[in-house]
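query_39.csv follows; it contains CSV, C-alpha atoms.
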```
chain,number,residue,atom,x,y,z
M,1,MET,CA,111.9,121.2,29.2
M,2,LYS,CA,113.0,123.0,32.4
M,3,LYS,CA,112.4,120.7,35.4
M,4,ILE,CA,112.8,121.6,39.1
M,5,TYR,CA,112.9,119.1,41.9
M,6,ILE,CA,111.7,120.3,45.4
M,7,HIS,CA,112.9,118.4,48.5
M,8,THR,CA,111.0,119.3,51.7
M,9,ASP,CA,111.6,119.1,55.5
M,10,LEU,CA,109.5,120.3,58.4
M,11,GLU,CA,111.7,122.0,60.9
M,12,GLY,CA,112.4,125.1,58.8
M,13,ILE,CA,108.8,125.7,57.6
M,14,SER,CA,107.2,129.2,58.3
M,15,GLY,CA,104.8,129.7,61.1
M,16,ILE,CA,106.4,127.0,63.3
M,17,ASP,CA,108.1,128.4,66.4
M,18,ARG,CA,108.1,125.6,69.0
M,19,GLY,CA,109.9,122.3,68.8
M,20,GLU,CA,106.9,120.4,70.2
M,21,MET,CA,104.8,121.5,67.2
M,22,VAL,CA,107.1,119.5,64.9
M,23,GLU,CA,107.5,116.6,67.3
M,24,ASN,CA,103.7,116.2,67.5
M,25,SER,CA,103.2,116.8,63.8
M,26,GLU,CA,100.5,119.3,64.6
M,27,ARG,CA,97.9,119.9,61.8
M,28,TYR,CA,99.1,123.5,61.6
M,29,CYS,CA,102.6,122.3,60.7
M,30,ILE,CA,101.2,120.3,57.8
M,31,GLU,CA,99.2,123.3,56.5
M,32,ARG,CA,102.3,125.5,56.7
M,33,LEU,CA,104.4,122.8,55.0
M,34,MET,CA,101.9,122.8,52.1
M,35,ALA,CA,101.8,126.6,52.0
M,36,ASP,CA,105.6,127.0,51.8
M,37,THR,CA,105.8,124.2,49.2
M,38,ASN,CA,103.1,125.7,47.1
M,39,ALA,CA,104.9,129.1,47.2
M,40,ALA,CA,108.1,127.4,45.9
M,41,ILE,CA,106.1,125.6,43.2
M,42,ASP,CA,104.5,128.8,42.1
M,43,GLY,CA,107.8,130.6,42.1
M,44,ALA,CA,109.4,127.9,40.0
M,45,PHE,CA,106.7,128.1,37.3
M,46,LEU,CA,106.9,131.9,37.4
M,47,GLY,CA,110.7,131.6,36.8
M,48,GLY,CA,110.2,129.5,33.7
M,49,ALA,CA,109.9,125.9,34.9
M,50,ASP,CA,107.9,123.6,32.7
M,51,HIS,CA,107.7,120.7,35.3
M,52,VAL,CA,108.0,120.6,39.1
M,53,THR,CA,108.4,117.5,41.2
M,54,VAL,CA,108.1,117.6,45.0
M,55,LEU,CA,109.3,115.1,47.7
M,56,ASP,CA,107.8,114.7,51.2
M,57,SER,CA,111.0,113.9,53.0
M,58,HIS,CA,110.5,114.7,56.7
M,59,GLY,CA,110.7,111.5,58.7
M,60,GLY,CA,110.6,109.5,55.5
M,61,GLY,CA,107.3,111.0,54.4
M,62,GLY,CA,103.7,110.9,55.3
M,63,ASN,CA,103.4,114.6,56.0
M,64,PHE,CA,101.8,116.0,52.8
M,65,ASP,CA,98.1,116.8,52.6
M,66,LEU,CA,97.8,116.2,48.9
M,67,SER,CA,94.4,118.0,48.9
M,68,LEU,CA,96.3,121.2,49.6
M,69,LEU,CA,99.1,120.7,47.2
M,70,ASP,CA,99.4,122.8,44.0
M,71,LYS,CA,98.0,120.5,41.3
M,72,ARG,CA,100.6,121.5,38.8
M,73,ALA,CA,103.3,119.6,40.7
M,74,GLU,CA,104.2,115.9,40.4
M,75,VAL,CA,104.6,114.1,43.7
M,76,ASP,CA,107.6,111.7,44.0
M,77,THR,CA,106.5,108.6,45.7
M,78,LYS,CA,110.0,107.2,45.7
M,79,PRO,CA,109.3,104.0,43.7
M,80,ASN,CA,113.1,103.2,44.0
M,81,LYS,CA,113.0,103.5,47.8
M,82,LYS,CA,116.0,105.8,47.7
M,83,TRP,CA,116.3,108.9,50.0
M,84,TRP,CA,116.7,111.1,46.8
M,85,GLY,CA,113.7,109.7,45.0
M,86,ILE,CA,113.4,110.0,41.2
M,87,ILE,CA,115.7,113.0,40.7
M,88,ASP,CA,118.0,112.5,37.7
M,89,GLU,CA,120.0,114.3,35.0
M,90,SER,CA,116.8,115.8,33.5
M,91,TYR,CA,116.4,118.4,36.3
M,92,PHE,CA,117.9,121.8,36.0
M,93,GLY,CA,118.0,122.5,39.7
M,94,THR,CA,116.7,121.5,43.1
M,95,PHE,CA,115.1,123.5,46.0
M,96,PHE,CA,115.2,122.5,49.7
M,97,ILE,CA,112.1,123.9,51.5
M,98,GLY,CA,112.0,123.8,55.3
M,99,ALA,CA,115.7,123.3,55.9
M,100,HIS,CA,117.3,123.4,59.4
M,101,GLY,CA,120.9,123.9,60.5
M,102,MET,CA,123.4,121.1,61.0
M,103,ALA,CA,124.0,119.5,64.4
M,104,GLY,CA,125.7,121.9,66.8
M,105,THR,CA,124.5,125.1,65.2
M,106,LEU,CA,124.1,127.9,67.8
M,107,ASN,CA,120.4,129.0,67.9
M,108,GLY,CA,119.6,126.7,65.0
M,109,PHE,CA,115.9,125.8,65.4
M,110,LEU,CA,115.8,122.0,65.9
M,111,ASP,CA,119.3,121.7,64.6
M,112,HIS,CA,120.5,118.1,63.8
M,113,THR,CA,122.1,115.9,61.1
M,114,GLN,CA,119.9,112.9,60.5
M,115,SER,CA,119.4,112.1,64.2
M,116,SER,CA,119.5,114.5,67.1
M,117,ALA,CA,119.8,111.5,69.4
M,118,THR,CA,122.7,109.6,67.8
M,119,ILE,CA,124.8,112.0,65.6
M,120,TYR,CA,127.1,114.6,67.1
M,121,ASN,CA,129.0,115.7,64.0
M,122,TYR,CA,129.1,114.6,60.4
M,123,TYR,CA,132.1,115.4,58.2
M,124,ILE,CA,133.0,115.2,54.5
M,125,ASN,CA,136.7,115.6,53.8
M,126,GLY,CA,137.2,117.2,57.2
M,127,ARG,CA,134.4,119.8,56.8
M,128,ARG,CA,131.3,119.6,59.0
M,129,LEU,CA,128.2,119.1,56.9
M,130,GLY,CA,124.5,118.9,57.5
M,131,GLU,CA,121.4,117.7,55.6
M,132,LEU,CA,121.5,120.7,53.2
M,133,GLY,CA,125.0,119.6,52.1
M,134,GLN,CA,124.0,116.0,52.0
M,135,TRP,CA,121.1,116.7,49.7
M,136,ALA,CA,123.2,119.0,47.5
M,137,MET,CA,125.9,116.3,47.2
M,138,VAL,CA,123.4,113.6,46.3
M,139,CYS,CA,121.9,115.7,43.6
M,140,ALA,CA,125.4,116.5,42.3
M,141,HIS,CA,125.6,112.9,41.3
M,142,TYR,CA,123.3,113.9,38.5
M,143,ASP,CA,124.9,117.3,38.0
M,144,VAL,CA,121.9,119.0,39.5
M,145,PRO,CA,122.7,122.1,41.6
M,146,LEU,CA,121.0,123.2,44.8
M,147,ILE,CA,119.7,126.6,43.7
M,148,MET,CA,117.2,127.7,46.3
M,149,MET,CA,116.3,127.0,49.9
M,150,SER,CA,114.1,128.2,52.7
M,151,GLY,CA,114.4,127.7,56.5
M,152,ASP,CA,115.5,129.5,59.6
M,153,THR,CA,118.3,132.1,59.7
M,154,ALA,CA,120.8,129.5,60.8
M,155,ALA,CA,120.1,127.3,57.8
M,156,VAL,CA,120.2,130.2,55.4
M,157,ASN,CA,123.6,131.2,56.8
M,158,GLU,CA,124.8,127.7,56.4
M,159,ALA,CA,123.6,127.5,52.8
M,160,ALA,CA,125.4,130.8,52.0
M,161,GLN,CA,128.7,129.2,53.2
M,162,PHE,CA,128.4,126.2,51.0
M,163,PHE,CA,126.6,127.1,47.8
M,164,ALA,CA,127.7,130.0,45.7
M,165,GLY,CA,124.8,131.8,44.0
M,166,ILE,CA,122.0,130.1,45.9
M,167,GLU,CA,118.8,132.0,46.5
M,168,THR,CA,117.5,131.9,50.1
M,169,ALA,CA,114.4,132.7,52.1
M,170,ALA,CA,114.7,133.1,55.9
M,171,VAL,CA,111.3,132.5,57.4
M,172,LYS,CA,112.2,132.7,61.1
M,173,THR,CA,115.1,133.0,63.5
M,174,GLY,CA,116.0,130.6,66.2
M,175,ILE,CA,116.3,132.0,69.7
M,176,SER,CA,117.1,128.6,71.2
M,177,ARG,CA,117.1,125.1,69.8
M,178,SER,CA,113.4,124.7,70.5
M,179,ARG,CA,112.0,128.2,70.1
M,180,ALA,CA,112.0,130.6,67.1
M,181,LYS,CA,110.9,134.2,66.3
M,182,LEU,CA,108.7,134.1,63.2
M,183,ILE,CA,108.1,136.6,60.4
M,184,ASP,CA,104.6,137.1,59.0
M,185,ILE,CA,103.5,133.9,57.2
M,186,ASN,CA,102.3,135.9,54.1
M,187,LYS,CA,105.7,137.6,53.9
M,188,ALA,CA,107.4,134.3,54.3
M,189,GLU,CA,105.4,132.8,51.4
M,190,GLU,CA,106.3,135.8,49.2
M,191,LEU,CA,110.0,135.5,50.1
M,192,ILE,CA,109.9,131.8,49.1
M,193,ARG,CA,108.1,132.6,45.9
M,194,GLN,CA,110.5,135.3,44.8
M,195,ALA,CA,113.6,133.2,45.7
M,196,ALA,CA,112.2,130.3,43.8
M,197,LYS,CA,111.4,132.5,40.8
M,198,THR,CA,114.9,134.1,40.7
M,199,ALA,CA,116.6,130.7,41.3
M,200,THR,CA,114.8,129.1,38.4
M,201,GLU,CA,115.6,132.0,36.1
M,202,LYS,CA,119.3,131.7,36.8
M,203,SER,CA,119.6,127.9,37.3
M,204,ASP,CA,122.0,127.5,34.5
M,205,ARG,CA,124.5,129.7,36.2
M,206,ILE,CA,124.8,127.8,39.5
M,207,LYS,CA,127.1,124.8,39.8
M,208,PRO,CA,126.5,121.5,41.6
M,209,PHE,CA,128.1,120.9,45.0
M,210,LYS,CA,130.9,118.4,44.4
M,211,PRO,CA,133.4,117.5,47.2
M,212,LEU,CA,136.6,115.9,46.0
M,213,ILE,CA,136.3,112.2,45.2
M,214,PRO,CA,137.3,109.9,46.8
M,215,MET,CA,135.9,111.5,49.9
M,216,GLU,CA,136.3,110.7,53.6
M,217,ILE,CA,133.1,110.5,55.5
M,218,LYS,CA,133.4,110.7,59.2
M,219,ILE,CA,130.8,110.6,61.9
M,220,GLU,CA,131.1,111.4,65.6
M,221,PHE,CA,128.3,109.7,67.5
M,222,THR,CA,126.9,110.9,70.7
M,223,ARG,CA,127.6,107.6,72.5
M,224,ALA,CA,130.0,104.8,72.1
M,225,ASP,CA,127.3,102.2,71.7
M,226,TYR,CA,125.9,103.9,68.6
M,227,CYS,CA,129.4,103.7,67.2
M,228,ASP,CA,129.5,100.0,68.2
M,229,ASN,CA,126.5,99.4,66.1
M,230,ALA,CA,127.8,101.3,63.1
M,231,SER,CA,131.1,99.6,63.2
M,232,ASP,CA,129.5,96.3,62.4
M,233,ASN,CA,129.9,97.5,58.8
M,234,PRO,CA,133.2,96.1,57.4
M,235,ALA,CA,133.6,99.2,55.2
M,236,LEU,CA,134.1,101.4,58.3
M,237,GLU,CA,137.2,102.1,60.3
M,238,ARG,CA,136.7,102.7,64.0
M,239,LEU,CA,138.8,105.8,65.1
M,240,ASP,CA,137.9,106.0,68.7
M,241,ALA,CA,135.0,105.3,71.1
M,242,ARG,CA,132.5,107.5,69.3
M,243,THR,CA,134.0,108.1,65.8
M,244,ALA,CA,134.1,106.0,62.6
M,245,ARG,CA,134.9,106.8,59.0
M,246,LYS,CA,134.9,105.4,55.5
M,247,ILE,CA,136.2,106.3,52.1
M,248,SER,CA,133.5,106.8,49.4
M,249,GLN,CA,133.7,106.9,45.7
M,250,SER,CA,130.2,108.2,45.1
M,251,TYR,CA,128.1,111.2,46.2
M,252,GLN,CA,125.2,108.8,46.8
M,253,ASP,CA,127.2,106.7,49.2
M,254,PHE,CA,127.1,109.3,51.9
M,255,TRP,CA,125.9,107.3,54.8
M,256,PHE,CA,127.1,104.4,57.0
```

Could you rewrite the structure in this file as structure tokens?
Amino acid sequence: MKKIYIHTDLEGISGIDRGEMVENSERYCIERLMADTNAAIDGAFLGGADHVTVLDSHGGGGNFDLSLLDKRAEVDTKPNKKWWGIIDESYFGTFFIGAHGMAGTLNGFLDHTQSSATIYNYYINGRRLGELGQWAMVCAHYDVPLIMMSGDTAAVNEAAQFFAGIETAAVKTGISRSRAKLIDINKAEELIRQAAKTATEKSDRIKPFKPLIPMEIKIEFTRADYCDNASDNPALERLDARTARKISQSYQDFWF
């Protein structure tokens, strides 16, 4: 059985061109989230998938309108309470739908890494990483590769730098952090569908994203007091007022 796991976020969804639309969780955002997700589901099945699981991950969930979701897909309710849900070794590949660029990305629409308020930079083994890389790394724990993503142009460019062979769909281009230039939503859905189809067809030719283990995880916070709070963890080493690090032996141990 060929299984595909789809992780979703909201910032990189088609049809959303103003930051306040996401911040207010406007109804239109939810409708576009479901449309992009359904296009990815359809593409996966067209590419030969037998089973598709989807995860509502923006803000911890609560964004899906299940009445609009393709009924062929299984919804991951995260019974294990983990960020990565039920993904395991049985999946052939994963998609990231609605991705955004990492913190500090020029003209990245709503760029951030976990928290735009507290995180300035996040590093793995000295290389800046964002949520795309974090998701790919967590899935690599199960030898599952990130094979397809959709989002703004900045996120697509980021994916191309990290993941060889990944299929991408750019649905808009950031013109500032809070504004974006959109493409037609029907074209966006078709780009997602085709990228998902192609990725599923070639999923066995894409490798998981595996940084060298043990890996150094380093976070630069925006303020010293955020680093104060993180440094209560005895596993962390405080480097300066805003920076702490730890050494990790697992791709799932990616946070402080």

Quick one: everything within 8 Å of Ile183 (chain M), counting all atoms listed in the file, minus sequence neighbours fewer than 2 positions away in the same chain. Send it as an MDAnalysis selection string. chainID M and resid 14:15 171:172 181 185 187:188

Per residue of region 85-192 of chain M within 7 Å of region 35-48 of chain M, which atom pair is closest and at what distance in Å (one decimal), using only C-alpha atoms, listed by chain and increasing number, as JSON lines?
```
{"residue": "M:Ile97", "atom": "CA", "partner": "M:Thr37", "partner_atom": "CA", "distance": 6.7}
{"residue": "M:Glu189", "atom": "CA", "partner": "M:Ala39", "partner_atom": "CA", "distance": 5.6}
{"residue": "M:Ile192", "atom": "CA", "partner": "M:Ala40", "partner_atom": "CA", "distance": 5.7}
```

Rank M:Ile119, M:Gly108, M:Lys197, M:Tyr5 by their smallest atom-to-atom distance to Ala230 (chain M), using all atoms listed in the file, and report the top residue only.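 Among the listed residues, M:Ile119 lies closest to Ala230 (chain M).
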
Contacts of region 206-214 of chain M at 9 Å or less, counting all atoms listed in the file, minus same-chain residues fewer than 5 places along, as a PyMOL selection string? chain M and resi 93+124-125+133+136-147+162-166+199+247-251

Give me the residues within 8 Å of region 63-67 of chain M as a CSV table (one decimal) with C-alpha atoms, in the coordinates of the input, counting all atoms listed in the file and dropping any in the same chain fewer than 6 places off.
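So the final result, stored in part.csv, reads:
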```csv
chain,number,residue,atom,x,y,z
M,30,ILE,CA,101.2,120.3,57.8
M,31,GLU,CA,99.2,123.3,56.5
M,33,LEU,CA,104.4,122.8,55.0
M,34,MET,CA,101.9,122.8,52.1
M,56,ASP,CA,107.8,114.7,51.2
```

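Between CA of Phe254 (chain M) and CA of Ala241 (chain M) there is a distance of 21.1 Å.
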
Using all atoms listed in the file for the distances, tell me which of M:Tyr91, M:Asn121, M:Asp76, M:Lys3 is nearest to His51 (chain M).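 Distance minimum relative to His51 (chain M) lands on M:Lys3.
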
For Gly12 (chain M), which residue out of M:Phe109, M:Phe221, M:Tyr226, M:Trp255 is the nearest one, using all atoms listed in the file?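 The answer is M:Phe109, which sits nearest to Gly12 (chain M).
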
As a PyMOL selection string, please: the residues near Ser176 (chain M) (cut-off 12 Å, all atoms listed in the file, same-chain neighbours under 5 positions excluded). chain M and resi 17-19+104-111+152+154+181

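Here CA of Gly60 (chain M) stands at a distance of 12.6 Å from CA of Ser115 (chain M).
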
Just how far from CA of Gly101 (chain M) is CA of Thr222 (chain M), in Å to one decimal?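 So the answer is 17.6 Å.
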
Ranking M:Met1, M:Lys202, M:His58, M:Ser178 by minimum distance to Gly98 (chain M) and counting only C-alpha atoms, which one comes first?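 Closest to Gly98 (chain M) of all the choices is M:His58.
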
Write out as a PyMOL selection string which residues come within 10 Å of Arg223 (chain M) when counting all atoms listed in the file, dropping same-chain ones fewer than 4 positions away. chain M and resi 117-120+227-228+241-243

Could you check the closest approach to Arg205 (chain M) for each of M:His7, M:Ile86, M:Arg32, M:Glu167 and tell me which residue wins, using all atoms listed in the file?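 Using all atoms listed in the file, Arg205 (chain M) sits closest to M:Glu167.
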